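The file input_7.cif comes next; it holds mmCIF, C-alpha atoms and all ligand atoms.
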data_my_file
#
loop_
_atom_site.label_atom_id
_atom_site.label_comp_id
_atom_site.auth_asym_id
_atom_site.auth_seq_id
_atom_site.Cartn_x
_atom_site.Cartn_y
_atom_site.Cartn_z
CA MET A 1 -32.27 4.11 -12.43
CA MET A 2 -28.59 3.80 -13.17
CA ILE A 3 -26.29 6.55 -12.02
CA GLU A 4 -22.89 7.50 -13.39
CA PRO A 5 -19.74 6.09 -11.70
CA LYS A 6 -18.56 9.59 -10.80
CA GLU A 7 -21.81 10.37 -9.02
CA ALA A 8 -21.78 7.00 -7.24
CA LEU A 9 -18.25 7.64 -5.98
CA GLU A 10 -19.23 11.11 -4.77
CA ILE A 11 -22.12 9.69 -2.77
CA VAL A 12 -19.89 7.02 -1.24
CA LEU A 13 -17.12 9.45 -0.31
CA LYS A 14 -19.58 11.93 1.17
CA GLU A 15 -20.84 9.23 3.52
CA ALA A 16 -17.41 7.88 4.42
CA LYS A 17 -16.31 9.77 7.54
CA VAL A 18 -12.83 9.83 9.04
CA LEU A 19 -12.83 7.58 12.12
CA PRO A 20 -11.83 8.82 15.58
CA ILE A 21 -8.20 9.08 16.64
CA ALA A 22 -6.70 6.26 18.69
CA GLU A 23 -3.28 5.80 20.27
CA VAL A 24 -1.82 2.42 19.40
CA GLU A 25 1.36 0.42 19.83
CA LEU A 26 3.83 1.22 17.06
CA LEU A 27 3.43 -2.13 15.26
CA ASP A 28 -0.35 -1.91 15.40
CA SER A 29 -0.16 1.22 13.26
CA LEU A 30 1.03 -0.60 10.14
CA GLY A 31 -1.24 0.22 7.20
CA LEU A 32 -3.00 3.05 9.05
CA ALA A 33 -2.47 6.80 8.73
CA LEU A 34 -0.85 9.08 11.29
CA ALA A 35 -3.26 11.33 13.16
CA GLU A 36 -0.47 13.62 14.35
CA ASP A 37 2.42 15.56 12.88
CA VAL A 38 5.66 13.94 13.98
CA ASN A 39 8.72 16.10 14.70
CA SER A 40 12.09 14.74 15.67
CA ASP A 41 13.51 15.62 19.08
CA VAL A 42 16.83 14.03 18.22
CA ASP A 43 19.41 13.90 15.46
CA ILE A 44 19.41 10.66 13.48
CA PRO A 45 22.00 9.31 13.52
CA PRO A 46 22.67 10.81 16.96
CA PHE A 47 26.46 11.09 16.45
CA ASP A 48 29.03 10.99 13.64
CA ASN A 49 29.72 7.31 12.97
CA SER A 50 31.53 5.06 10.60
CA ALA A 51 29.80 3.74 7.47
CA MET A 52 32.43 0.99 7.10
CA ASP A 53 34.55 -1.48 8.95
CA GLY A 54 38.08 -0.12 8.67
CA PHE A 55 40.34 2.49 10.22
CA ALA A 56 39.56 5.98 11.43
CA VAL A 57 42.33 8.29 10.28
CA VAL A 58 43.33 11.90 9.75
CA ALA A 59 42.84 12.31 6.00
CA GLN A 60 45.95 14.44 5.64
CA ASP A 61 48.08 11.54 6.90
CA THR A 62 47.06 9.45 3.87
CA GLU A 63 48.22 11.90 1.22
CA ARG A 64 49.87 10.17 -1.73
CA ALA A 65 49.29 6.68 -0.27
CA ARG A 66 49.27 4.00 -2.99
CA LYS A 67 49.01 0.24 -3.09
CA ASP A 68 52.70 -0.09 -3.96
CA ARG A 69 53.72 2.75 -1.62
CA PRO A 70 51.49 2.47 1.45
CA ILE A 71 51.54 4.85 4.35
CA ARG A 72 51.97 3.24 7.74
CA LEU A 73 50.05 4.45 10.80
CA VAL A 74 50.19 3.22 14.39
CA VAL A 75 46.99 1.45 15.42
CA ALA A 76 46.31 3.24 18.69
CA ASP A 77 42.92 1.86 19.66
CA THR A 78 39.75 0.04 18.61
CA VAL A 79 36.21 1.49 18.58
CA THR A 80 33.26 -0.85 18.31
CA ALA A 81 29.62 -0.12 17.58
CA GLY A 82 28.02 0.87 20.83
CA GLY A 83 31.33 2.18 22.21
CA THR A 84 32.06 5.74 23.20
CA ASN A 85 34.18 8.20 21.24
CA LYS A 86 36.68 8.94 23.98
CA THR A 87 39.33 7.52 21.70
CA MET A 88 41.67 10.01 20.05
CA VAL A 89 43.32 9.72 16.69
CA VAL A 90 46.25 12.06 16.55
CA THR A 91 48.33 12.50 13.45
CA GLY A 92 50.38 9.41 12.62
CA THR A 93 47.89 7.07 14.27
CA ALA A 94 44.71 5.26 13.32
CA ALA A 95 41.94 3.52 15.24
CA ARG A 96 40.39 0.27 14.17
CA ILE A 97 36.67 1.07 13.74
CA MET A 98 33.51 -0.93 13.12
CA THR A 99 30.44 0.12 11.13
CA GLY A 100 28.19 2.27 13.31
CA ALA A 101 30.93 3.04 15.86
CA PRO A 102 31.41 6.66 16.88
CA VAL A 103 34.16 8.49 15.03
CA PRO A 104 37.09 9.13 17.42
CA LEU A 105 38.19 12.61 18.35
CA PHE A 106 40.36 14.33 15.69
CA ALA A 107 39.76 11.59 13.10
CA ASP A 108 38.03 13.07 10.04
CA SER A 109 37.58 10.04 7.81
CA VAL A 110 37.45 6.26 7.64
CA ILE A 111 39.23 4.01 5.19
CA GLN A 112 37.61 0.65 4.61
CA LYS A 113 39.38 -2.50 5.69
CA GLU A 114 39.68 -3.71 2.09
CA ASP A 115 42.07 -0.81 1.31
CA THR A 116 44.40 -1.59 4.21
CA GLU A 117 46.57 -4.33 5.62
CA VAL A 118 47.59 -4.82 9.23
CA ASP A 119 51.28 -5.24 9.85
CA GLY A 120 51.88 -5.93 13.55
CA GLU A 121 51.14 -2.72 15.47
CA LEU A 122 50.85 -0.79 12.23
CA VAL A 123 48.29 -0.51 9.49
CA CYS A 124 49.28 -0.02 5.86
CA ILE A 125 47.03 2.47 4.07
CA PHE A 126 46.82 1.77 0.34
CA ARG A 127 45.09 4.91 -0.91
CA GLU A 128 44.37 8.53 -0.18
CA VAL A 129 41.29 9.25 1.86
CA LYS A 130 39.23 12.40 1.49
CA PRO A 131 38.18 14.28 4.61
CA GLY A 132 34.70 13.15 5.61
CA GLU A 133 34.90 9.90 3.66
CA ASN A 134 32.81 7.03 5.06
CA ILE A 135 31.50 9.12 7.91
CA ARG A 136 27.77 9.29 8.50
CA ARG A 137 27.14 12.71 10.01
CA ALA A 138 24.94 13.28 13.04
CA GLY A 139 21.50 14.34 11.80
CA GLU A 140 22.17 13.45 8.14
CA ASP A 141 19.05 11.29 8.04
CA ILE A 142 16.87 13.47 10.24
CA ALA A 143 17.88 16.66 12.00
CA LYS A 144 16.66 17.53 15.47
CA GLY A 145 13.49 19.61 15.22
CA GLU A 146 12.72 18.45 11.69
CA ARG A 147 9.10 17.68 10.66
CA VAL A 148 9.36 13.99 9.84
CA PHE A 149 5.74 13.14 9.00
CA GLU A 150 2.55 15.06 8.42
CA SER A 151 -0.74 13.84 9.78
CA GLY A 152 -2.35 11.64 7.12
CA THR A 153 0.91 9.90 6.21
CA GLU A 154 0.39 6.23 5.53
CA ILE A 155 2.43 3.98 7.80
CA GLY A 156 4.42 1.34 5.94
CA PRO A 157 7.53 -0.57 6.97
CA ALA A 158 9.90 2.39 6.42
CA GLU A 159 7.67 4.70 8.49
CA ILE A 160 7.59 2.07 11.24
CA GLY A 161 11.40 2.03 11.15
CA LEU A 162 11.69 5.81 11.31
CA LEU A 163 9.17 6.06 14.13
CA ALA A 164 11.14 3.38 15.99
CA SER A 165 14.35 5.35 15.53
CA LEU A 166 12.55 8.35 17.02
CA GLY A 167 11.74 6.19 20.02
CA ARG A 168 7.99 6.27 19.38
CA SER A 169 6.58 3.14 20.99
CA ARG A 170 3.05 4.49 20.61
CA VAL A 171 1.58 6.65 17.87
CA LYS A 172 -1.69 8.43 17.18
CA VAL A 173 -3.59 7.08 14.21
CA PHE A 174 -7.10 7.14 12.85
CA ARG A 175 -8.83 4.05 14.13
CA ARG A 176 -8.77 0.97 11.92
CA PRO A 177 -12.19 0.30 10.36
CA THR A 178 -13.74 -3.14 10.69
CA VAL A 179 -15.22 -4.48 7.50
CA ALA A 180 -17.67 -7.38 7.65
CA ILE A 181 -17.84 -9.52 4.53
CA MET A 182 -20.84 -11.62 3.59
CA SER A 183 -21.11 -13.81 0.53
CA THR A 184 -24.50 -14.96 -0.71
CA GLY A 185 -25.56 -17.83 -2.91
CA ASN A 186 -27.01 -21.33 -2.77
CA GLU A 187 -24.30 -22.43 -5.20
CA LEU A 188 -21.39 -21.54 -2.92
CA VAL A 189 -19.18 -24.10 -1.24
CA GLU A 190 -16.55 -23.30 1.37
CA LEU A 191 -12.93 -24.29 0.86
CA GLY A 192 -12.33 -27.78 2.14
CA GLU A 193 -15.87 -28.94 1.47
CA PRO A 194 -16.58 -31.32 -1.41
CA LEU A 195 -17.61 -29.64 -4.64
CA GLU A 196 -20.95 -31.22 -5.60
CA PRO A 197 -22.36 -30.85 -9.12
CA GLY A 198 -23.76 -27.39 -9.73
CA LYS A 199 -21.69 -25.81 -6.97
CA ILE A 200 -18.76 -23.41 -7.09
CA ARG A 201 -16.20 -22.31 -4.56
CA ASN A 202 -16.78 -19.18 -2.53
CA SER A 203 -13.87 -17.13 -3.80
CA ASN A 204 -15.25 -13.63 -3.23
CA THR A 205 -14.98 -13.77 0.54
CA TYR A 206 -11.28 -14.42 0.12
CA SER A 207 -10.49 -11.85 -2.56
CA LEU A 208 -12.45 -9.25 -0.59
CA TYR A 209 -10.77 -10.20 2.67
CA ALA A 210 -7.41 -9.71 0.99
CA GLN A 211 -8.47 -6.38 -0.52
CA VAL A 212 -9.66 -5.15 2.89
CA LEU A 213 -6.38 -6.16 4.52
CA ALA A 214 -4.40 -4.45 1.77
CA CYS A 215 -6.21 -1.16 2.54
CA GLY A 216 -5.19 -1.32 6.17
CA ALA A 217 -8.70 -2.14 7.36
CA HIS A 218 -9.72 -5.06 9.56
CA PRO A 219 -11.73 -7.75 7.72
CA VAL A 220 -14.20 -10.08 9.43
CA SER A 221 -15.82 -12.84 7.43
CA LEU A 222 -19.50 -13.43 8.17
CA GLY A 223 -19.45 -16.51 5.94
CA ILE A 224 -22.00 -17.50 3.35
CA ALA A 225 -25.69 -16.61 3.51
CA ARG A 226 -27.98 -18.85 1.49
CA ASP A 227 -30.49 -17.22 -0.83
CA ASP A 228 -33.35 -16.83 1.58
CA LYS A 229 -34.27 -13.63 3.34
CA GLU A 230 -34.13 -15.01 6.82
CA THR A 231 -30.59 -16.30 6.56
CA ILE A 232 -29.41 -13.16 4.81
CA ARG A 233 -30.89 -11.09 7.65
CA GLU A 234 -29.35 -13.32 10.29
CA VAL A 235 -25.89 -13.23 8.75
CA LEU A 236 -26.07 -9.48 8.12
CA THR A 237 -26.95 -8.89 11.77
CA LYS A 238 -23.65 -10.49 12.76
CA GLY A 239 -21.97 -7.52 11.08
CA ALA A 240 -23.74 -5.00 13.33
CA ASP A 241 -20.55 -4.02 15.18
CA SER A 242 -18.54 -3.24 12.08
CA ASP A 243 -18.00 0.12 10.39
CA VAL A 244 -18.62 -1.19 6.90
CA ILE A 245 -20.48 -4.22 5.55
CA VAL A 246 -19.61 -5.60 2.15
CA THR A 247 -21.91 -8.20 0.63
CA THR A 248 -21.39 -10.04 -2.62
CA GLY A 249 -24.02 -11.49 -4.90
CA GLY A 250 -27.76 -11.26 -4.67
CA VAL A 251 -28.09 -7.62 -5.75
CA SER A 252 -28.99 -8.17 -9.38
CA VAL A 253 -32.46 -8.64 -10.85
CA GLY A 254 -32.82 -12.43 -10.43
CA ASP A 255 -35.61 -14.05 -8.41
CA TYR A 256 -33.11 -15.01 -5.71
CA ASP A 257 -31.40 -11.64 -5.51
CA LEU A 258 -32.73 -10.86 -2.06
CA VAL A 259 -30.10 -8.66 -0.43
CA LYS A 260 -31.94 -5.49 -1.46
CA ASP A 261 -35.25 -6.72 -0.04
CA VAL A 262 -33.63 -7.58 3.26
CA MET A 263 -31.85 -4.23 3.50
CA THR A 264 -35.13 -2.44 2.81
CA GLU A 265 -36.91 -4.50 5.48
CA LEU A 266 -34.15 -3.70 7.95
CA GLY A 267 -34.76 -0.01 7.30
CA ALA A 268 -31.50 0.77 5.53
CA GLU A 269 -31.43 3.79 3.29
CA LEU A 270 -30.69 2.86 -0.31
CA ARG A 271 -28.45 5.56 -1.76
CA PHE A 272 -28.07 4.06 -5.20
CA TRP A 273 -28.54 0.81 -7.08
CA GLY A 274 -27.20 0.41 -10.58
CA VAL A 275 -24.12 2.17 -11.90
CA ALA A 276 -23.41 2.77 -15.60
CA GLN A 277 -20.27 0.64 -15.63
CA LYS A 278 -19.00 -2.75 -16.66
CA PRO A 279 -18.28 -4.84 -14.74
CA GLY A 280 -20.29 -3.94 -11.67
CA LYS A 281 -23.58 -2.58 -12.97
CA PRO A 282 -25.75 -3.95 -10.10
CA LEU A 283 -23.64 -2.24 -7.40
CA ALA A 284 -25.83 -1.07 -4.52
CA PHE A 285 -25.01 1.23 -1.62
CA TRP A 286 -26.84 1.88 1.61
CA THR A 287 -26.32 3.78 4.80
CA PHE A 288 -27.57 1.88 7.81
CA GLU A 289 -27.18 2.57 11.52
CA GLY A 290 -24.07 4.68 10.95
CA LYS A 291 -22.52 2.03 8.71
CA LEU A 292 -21.76 1.99 5.04
CA VAL A 293 -23.14 -1.08 3.30
CA PHE A 294 -21.90 -2.03 -0.14
CA GLY A 295 -23.86 -4.59 -2.12
CA LEU A 296 -21.32 -5.82 -4.61
CA PRO A 297 -22.36 -7.98 -7.54
CA GLY A 298 -21.40 -11.64 -7.25
CA ASN A 299 -19.26 -12.06 -10.33
CA PRO A 300 -15.72 -12.32 -8.99
CA VAL A 301 -14.21 -9.58 -11.15
CA ALA A 302 -17.20 -7.28 -10.66
CA THR A 303 -16.73 -7.75 -6.92
CA MET A 304 -13.06 -6.90 -7.04
CA VAL A 305 -13.41 -3.95 -9.42
CA CYS A 306 -16.25 -2.42 -7.36
CA PHE A 307 -14.17 -2.84 -4.23
CA GLU A 308 -11.21 -1.22 -5.96
CA GLU A 309 -13.14 1.75 -7.33
CA TYR A 310 -15.61 2.46 -4.49
CA VAL A 311 -14.90 0.58 -1.25
CA ARG A 312 -11.16 1.16 -1.23
CA PRO A 313 -11.33 4.97 -1.53
CA ALA A 314 -14.02 5.00 1.18
CA LEU A 315 -11.86 2.92 3.54
CA ARG A 316 -8.84 5.08 2.83
CA LYS A 317 -10.87 8.14 3.68
CA MET A 318 -12.18 6.57 6.90
CA VAL A 319 -8.69 5.68 7.97
CA GLY A 320 -7.53 9.26 7.42
CA LYS A 321 -5.19 8.67 4.50
CA SER A 322 -4.47 11.76 2.48
CA ARG A 323 -4.39 9.90 -0.83
CA LEU A 324 -7.67 8.19 -1.62
CA PHE A 325 -7.08 6.95 -5.14
CA ARG A 326 -4.69 4.88 -7.15
CA PRO A 327 -2.38 6.76 -9.46
CA GLU A 328 -4.11 7.53 -12.75
CA VAL A 329 -2.00 7.71 -15.89
CA GLU A 330 -2.56 8.24 -19.59
CA ALA A 331 -1.42 5.24 -21.57
CA THR A 332 -1.21 4.29 -25.22
CA LEU A 333 -3.21 1.27 -26.33
CA GLU A 334 -1.22 -1.46 -28.04
CA GLU A 335 -4.33 -2.96 -29.60
CA GLU A 336 -7.84 -1.73 -30.28
CA ILE A 337 -10.65 -2.16 -27.77
CA LYS A 338 -14.26 -2.45 -28.94
CA LYS A 339 -17.23 -2.15 -26.63
CA LYS A 340 -20.90 -1.25 -26.58
CA SER A 341 -21.57 2.35 -25.73
CA GLY A 342 -23.73 3.24 -22.73
CA ARG A 343 -21.48 2.30 -19.82
CA LEU A 344 -17.97 3.04 -18.62
CA HIS A 345 -15.82 -0.08 -18.99
CA TYR A 346 -12.97 -1.03 -16.70
CA VAL A 347 -10.70 -3.16 -18.86
CA ARG A 348 -8.12 -5.36 -17.17
CA VAL A 349 -4.77 -4.41 -18.65
CA ARG A 350 -1.07 -4.86 -18.31
CA VAL A 351 0.69 -1.52 -18.09
CA GLU A 352 4.32 -1.11 -19.02
CA ARG A 353 6.50 1.94 -19.22
CA ARG A 354 8.48 2.02 -22.42
CA ASP A 355 10.44 4.90 -23.99
CA GLY A 356 9.04 7.34 -21.50
CA GLU A 357 5.38 6.45 -21.96
CA TYR A 358 2.88 4.01 -20.54
CA ARG A 359 1.67 1.33 -22.92
CA VAL A 360 -1.21 -1.02 -22.20
CA SER A 361 -2.68 -4.17 -23.57
CA SER A 362 -5.61 -6.27 -22.43
CA THR A 363 -4.81 -9.25 -20.22
CA GLY A 364 -7.31 -11.48 -22.00
CA PRO A 365 -11.01 -12.37 -21.88
CA GLN A 366 -12.96 -9.70 -20.01
CA GLY A 367 -15.99 -11.67 -18.80
CA SER A 368 -16.88 -10.48 -15.30
CA GLY A 369 -16.33 -13.97 -13.93
CA ILE A 370 -12.84 -14.38 -15.37
CA LEU A 371 -10.46 -13.83 -12.48
CA LYS A 372 -7.36 -14.94 -14.36
CA SER A 373 -7.29 -11.77 -16.47
CA MET A 374 -7.64 -9.84 -13.20
CA SER A 375 -4.67 -11.62 -11.73
CA LEU A 376 -2.58 -10.79 -14.80
CA ALA A 377 -3.61 -7.13 -14.68
CA ASN A 378 -1.76 -4.31 -13.02
CA GLY A 379 -4.15 -1.69 -14.31
CA LEU A 380 -7.76 -0.95 -15.11
CA ALA A 381 -8.17 1.03 -18.33
CA LEU A 382 -11.20 3.31 -18.33
CA ILE A 383 -13.04 3.24 -21.64
CA PRO A 384 -15.61 6.04 -21.47
CA LYS A 385 -19.35 5.51 -21.63
CA ASP A 386 -20.09 6.75 -25.12
CA VAL A 387 -17.01 5.34 -26.80
CA SER A 388 -17.44 2.13 -28.78
CA LEU A 389 -13.97 1.84 -30.28
CA VAL A 390 -10.52 2.91 -29.15
CA LYS A 391 -7.88 2.26 -31.77
CA ALA A 392 -4.35 1.04 -31.25
CA GLY A 393 -2.11 4.04 -30.64
CA GLU A 394 -4.85 6.07 -28.96
CA LYS A 395 -4.64 7.13 -25.35
CA VAL A 396 -6.74 5.86 -22.46
CA LYS A 397 -6.82 6.60 -18.75
CA VAL A 398 -5.55 3.81 -16.54
CA HIS A 399 -5.79 3.23 -12.81
CA LEU A 400 -2.58 1.58 -11.65
CA ILE A 401 -3.93 -1.02 -9.25
CA ASP A 402 -0.71 -2.81 -8.49
CA GLN A 403 1.49 0.04 -7.32
CA PRO A 404 3.19 0.60 -4.04
CA GLU A 405 1.16 3.17 -2.18
CA ASP A 406 2.11 6.79 -2.61
CA HIS A 407 2.42 8.61 0.63
P1 LIG B 1 -25.22 -13.05 -8.33
O1 LIG B 1 -24.81 -11.61 -8.33
O2 LIG B 1 -25.60 -13.56 -6.98
O3 LIG B 1 -26.25 -13.32 -9.37
O4 LIG B 1 -23.94 -13.86 -8.76
C1 LIG B 1 -23.35 -13.62 -10.02
C2 LIG B 1 -22.33 -14.70 -10.33
O5 LIG B 1 -21.29 -14.62 -9.38
C3 LIG B 1 -22.88 -16.10 -10.24
O6 LIG B 1 -22.32 -16.85 -11.31
C4 LIG B 1 -22.39 -16.59 -8.91
O7 LIG B 1 -22.26 -17.97 -8.87
C5 LIG B 1 -21.07 -15.89 -8.77
N1 LIG B 1 -20.76 -15.69 -7.37
C6 LIG B 1 -21.58 -15.14 -6.46
N2 LIG B 1 -21.00 -15.10 -5.25
C7 LIG B 1 -19.78 -15.68 -5.38
C8 LIG B 1 -18.71 -15.95 -4.49
N3 LIG B 1 -18.79 -15.63 -3.21
N4 LIG B 1 -17.61 -16.52 -4.99
C9 LIG B 1 -17.52 -16.84 -6.31
N5 LIG B 1 -18.49 -16.59 -7.18
C10 LIG B 1 -19.62 -16.04 -6.76
MG MG B 2 -26.48 -15.17 -6.20
#

Represent the structure from my file as structure tokens, please.
Ligand code: AMP
Ligand code: MG
Amino acid sequence: MMIEPKEALEIVLKEAKVLPIAEVELLDSLGLALAEDVNSDVDIPPFDNSAMDGFAVVAQDTERARKDRPIRLVVADTVTAGGTNKTMVVTGTAARIMTGAPVPLFADSVIQKEDTEVDGELVCIFREVKPGENIRRAGEDIAKGERVFESGTEIGPAEIGLLASLGRSRVKVFRRPTVAIMSTGNELVELGEPLEPGKIRNSNTYSLYAQVLACGAHPVSLGIARDDKETIREVLTKGADSDVIVTTGGVSVGDYDLVKDVMTELGAELRFWGVAQKPGKPLAFWTFEGKLVFGLPGNPVATMVCFEEYVRPALRKMVGKSRLFRPEVEATLEEEIKKKSGRLHYVRVRVERRDGEYRVSSTGPQGSGILKSMSLANGLALIPKDVSLVKAGEKVKVHLIDQPEDH
């Protein structure tokens, strides 16, 4: 009995539980979500400092300065980045200053080097400077006491940088889930092995591994299980320590589709098998010894699309991220799409924003084994179950699968 994609996703998300909180080294938090609210106990930057290499001055002293009629100030001192701001700039003087150096006492602005010229002990100022110019104020990035991040914030490179500037060498996150990946099939050959007639490369392990990594989870490859129950059981058992097991292939209706039999024999609880979608109809889902087990179909695009639509949101939930899904937008079709009614279709598309609206066109042949059109796609257009034709100019919903993560 096929179920609807929406229902399948609900079942998956209901079973996906947020993992326990762990304290990790700052860099080990990349790709995870914060399990604490982070407030700043300091101003960032901590002191007023120069945004330029140049001269710290009193703005009033530069009034009416021009290239052909410069104002000359006495260079009283030099302040370098990392120095202290004990230096004073009284009227008529300037201090040579480097980017990031503290602004000297009484100076209220910095003129960049390019607008000056040194003349012995003096500096010629070629233009007027406004008070406050080229000064980065203490706390202008983050003020002391400010809420910097909410729990659930995804940690990317910029968050790592901010946490570092707050001095956080360790942070609380939701533990990183381990995802075991098993490919099945007698036809599969590992990379580096000769490709005999009738064989194909195992590509799914690799695309899945990459998808798991991109969600911030920890992938472990269990390798290839051949199409016999014993091997499938053996290989699956190696995934016992993981939080999630993802298998590919062997869940359809063929004589050698044995993953379901093995899962049943192991005592796993089948939550659904068969989803009214294309690609990915044979998708199966079990709960087993506290783990989620996804039986993805073997066709490379079906594998990737099922991961994208079901496994990814589950992993994001487990890892405590507040946003589970890709952005969904309405887009105008550039060309018509025909399909059989009866299942939701995920069509690989290229999305572009033009004149204030999203426009999409198919990336080519949509066979569920054709990875090239997946690689060209930055979106999956959702063509509803009972629709058999969407005309050019009509709107469709699109999942943007190639977007930087929203936080
Ligand atoms: P199955 O679901 O096992 O019937 O496989 C469906 C199709 O996907 C077959 O053409 C398989 O050869 C192919 N396939 C299965 N597993 C993989 C894999 N790991 N890498 C690439 N193609 C695969
Ligand atoms: Mg197979």

Exercise for review: Could the residues that lie within 9 Å of ligand MG 2 (chain B), counting all atoms listed in the file, be listed as a PyMOL selection string?
Suggested key: chain A and resi 183-188+226-227+248-252+254+256-258+297-299

Practice item. Measuring atom to atom with all atoms listed in the file, identify which of A:Gly216, A:Gly274, A:Gly367, A:Pro300 is nearest to Arg176 of chain A. Key: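 Smallest separation from Arg176 of chain A among the options: A:Gly216.
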
Check your understanding: Can you tell me, as a PyMOL selection string, what residues are no more than 7 Å from Glu150 of chain A when counting only C-alpha atoms, ignoring any on the same chain fewer than 3 positions away?
Key -> chain A and resi 36-38+153

First collect every listed atom of ligand LIG 1 (chain B); then fit an axis-aligned box around them, widen it by 6 Å on each side, and give centre and edge lengths in Å to one decimal, as JSON.
{"center_x": -21.9, "center_y": -14.8, "center_z": -7.3, "size_x": 20.7, "size_y": 18.4, "size_z": 20.1}

**Study point:** Pick from A:Glu159, A:Glu352, A:Arg136, A:Gly320, whichever lies nearest to Ala22 of chain A using only C-alpha atoms
**Key:**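 That would be A:Gly320, the residue with the smallest distance to Ala22 of chain A.
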
Review point. If we count all atoms listed in the file, what is near segment 368-379 of chain A at a cut-off of 7 Å, once residues fewer than 4 positions away on the same chain are taken out, given as JSON, numbers by chain?
Key: {"A": [279, 299, 300, 301, 302, 348, 349, 350, 351, 363, 364, 398, 399, 400, 401, 402]}

Exercise for review: Measuring atom to atom with all atoms listed in the file, identify which of A:Arg354, A:Lys17, A:Lys260, A:Lys291 is nearest to ligand LIG 1 (chain B).
Suggested key: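 Smallest distance to ligand LIG 1 (chain B) is found for A:Lys260.
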
Review point. Counting only C-alpha atoms, which of A:Val275, A:Leu324, A:Leu73, A:Val118 gets nearest to Pro5 of chain A?
Key: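 Of all the options, A:Val275 lies closest to Pro5 of chain A.
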
Exercise for review: Have a look at A:Pro102, A:Pro282, A:Gly161, A:Gly267 and name the one nearest to ligand LIG 1 (chain B); count all atoms listed in the file.
Suggested key: A:Pro282
